[in-house]
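Everything below concerns the one structure shown next.
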Amino acid sequence: MLYKEPAPIKDRENPFESMMSRFNIAAEVLGLDEETYNVLKSPARQVIVNVPVTMDDGKVRVFEGYRVVHSTILGPSKGGIRYAPDVFLDEVKALAAWMTWKCAVVDIPYGGAKGGIICDPYSMSAGEIERLTRAYTQSLVDIFGPDRDIPAPDMGTGPREMAWLMDEYSKTKGSTEHAVVTGKPLVLGGSLGRVEATGRGVMVSAMAAMDKLGMDPAKSTAAVQGFGNVGSWAAKLMAERGVKILGVSDVSGAYWNDNGIDIEEAIEYKNNNNGRLEGYKGAEQMDPDDLLTSKVDVLVPAAVEDVITIHNVEKIQARLIVEGANGPTSYKADKIINEKGIMVVPDILANSGGVTVSYFEWVQNRMGFKWTLDRVNERAERIMNESFERVYAASQKYNVPMRIAAYIVAIDKVAMTYKYRGGF
């Protein structure tokens with residue numbers, strides 16, 4: 001099933017500029033030399049393709065697609081493919097860079113990449129999406145590869161699209177290449193635990209941060225903005241650890257219950273209602289904008305970019321923000337969040353559970369051996385906890401917020417690797 005993110009973006013900053021603003025602060029703290037700075041700030045490769053597809057009515061439409069490889073210093077590039085009508089190049093560039101920092105933060109041997117196609121998958125038939133996916137793969141067959149660039153699902157794509165991509169790529173190579181893509185169906189070499197991996201990482205990050213803040217999960221409340229794959233799993237796993245989830249939202253609106261929402265019930269309702277909470281009776285509807293500023297201890301923005309902005313950040317009441325989405329907080333809002341004393345577990349740490357288990361899938365494909373769910377979860381949680389501690393230690397050492405600390409950890413690792421490899 002395709003994952004549809006909620007709520008339009010009302011106050012969108014340029015995501016690449018936001019990424020670079022934080023990058024610049026961290027680079028200055030590290031005293032990054034000019035050569036390394038220039039290498040790390042710019043994508044290694046930007047590819048724009050025009051993909052002709054025969055639609056069901058017999059007409060040919062041409063779709064614009066992108067693949068940005070930000071870095072291969074740590075290893076082959078890794079990153080999802082997004083199908084959405086508002087995909088644009090700077091967004092893909094930012095997402096590719098975030099993937100580089102994300103992989104470095106959790107210490108896995110990948111660089112960052114991202115892809116996208118300007119389309120509306122929800123208005124297209126399965127056949128049209130398949131033809132689009134296969135044509136896009138053909139256009140980028142010299143970019144993709146198990147040791148070069150490894151795609152994965154993102155907004156508007158899922159295991160089905162990854163299966164088509166793997167099959168089309170394999171046809172061009174004359175052999176089955178499971179490891180060219182992650183996020184595949186289990187029967188095609190997908191990993192147990194991958195579906196819930198990003199949400200699990202959010203939960204682990206939230207628990208680690210709450211421990212640092214002296215917050216008892218059993219006495220804490222939360223709101224989760226975005227009830228797709230990441231948000232629903234984060235809510236479910238946090239609730240299992242005692243956190244009372246008072247509010248959730250998706251594309252149909254926001255829902256609130258002072259006594260706590262039954263997350264299992266809400267997920268079951270959503271799954272039986274075309275992936276939406278619309279009409280859910282276990283909570284009362286509220287203004288989606290009010291969910292972000294509601295009185296809760298923990299706020300989990302798990303939808304899209306730039307939902308916490310200078311226009312609403314002053315009203316945020318949560319003590320802790322754990323970013324399940326990529327870039328949910330605008331750069332201009334950072335200063336106010338820091339002044340308010342709110343701890344933020346940033347996206348490049350909090351939602352890195354997904355790429356961690358994607359790495360596990362790649363490893364299993366290359367080994368030809370499947371791991372158990374317990375092994376996947378145990379190793380993923382250990383990596384997330386160790387990564388959190390590294391970032392927290394950096395925040396204490398440099399006296400910077402967790403977001404800048406995460407960039408410092410990531411940039412320092414990539415910069416050192418670049419120098420050991422000899423640079424240019």
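Chains: A, B, ... in order of the structure tokens. Residues: from 1 per chain. Ligands: from 1, in order shown.
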*Can you list, as an MDAnalysis selection string, every protein, DNA or RNA residue that comes within 9 Å of Arg134 of chain A when you count only C-alpha atoms, leaving out same-chain residues fewer than 4 positions away?*
chainID A and resid 129:130 138:139 161 164:165 167:169
*asked:* Based on the backbone DSSP call, show me all residues of segment 104-224 of chain A assigned alpha helix (DSSP H), as a PyMOL selection string.
replied: chain A and resi 104-105+126-139+159-173+197-213
*Tell me which protein, DNA and RNA residues are within 7 Å of segment 15-17 of chain A, counting only C-alpha atoms, leaving out same-chain ones fewer than 2 positions away, and put them as a list of chain:residue names.*
A:Glu13, A:Met19, A:Met20, A:Ser21, A:Asp90, A:Glu91, A:Lys93, A:Ala94
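Nearest-residue note for Ala380 of chain A: choosing from A:Ile118, A:Val400, A:Met203, A:Val92, the minimum distance belongs to A:Met203, counting only C-alpha atoms.
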*asked:* Need to verify the contact set: Leu349 of chain A, 12 Å, only C-alpha atoms, exclusion of same-chain residues closer than 3 positions in sequence. Can you return it as a PyMOL selection string?
replied: chain A and resi 98-107+198+201-206+208-209+322-327+344-346+352-356+383-392+402-410
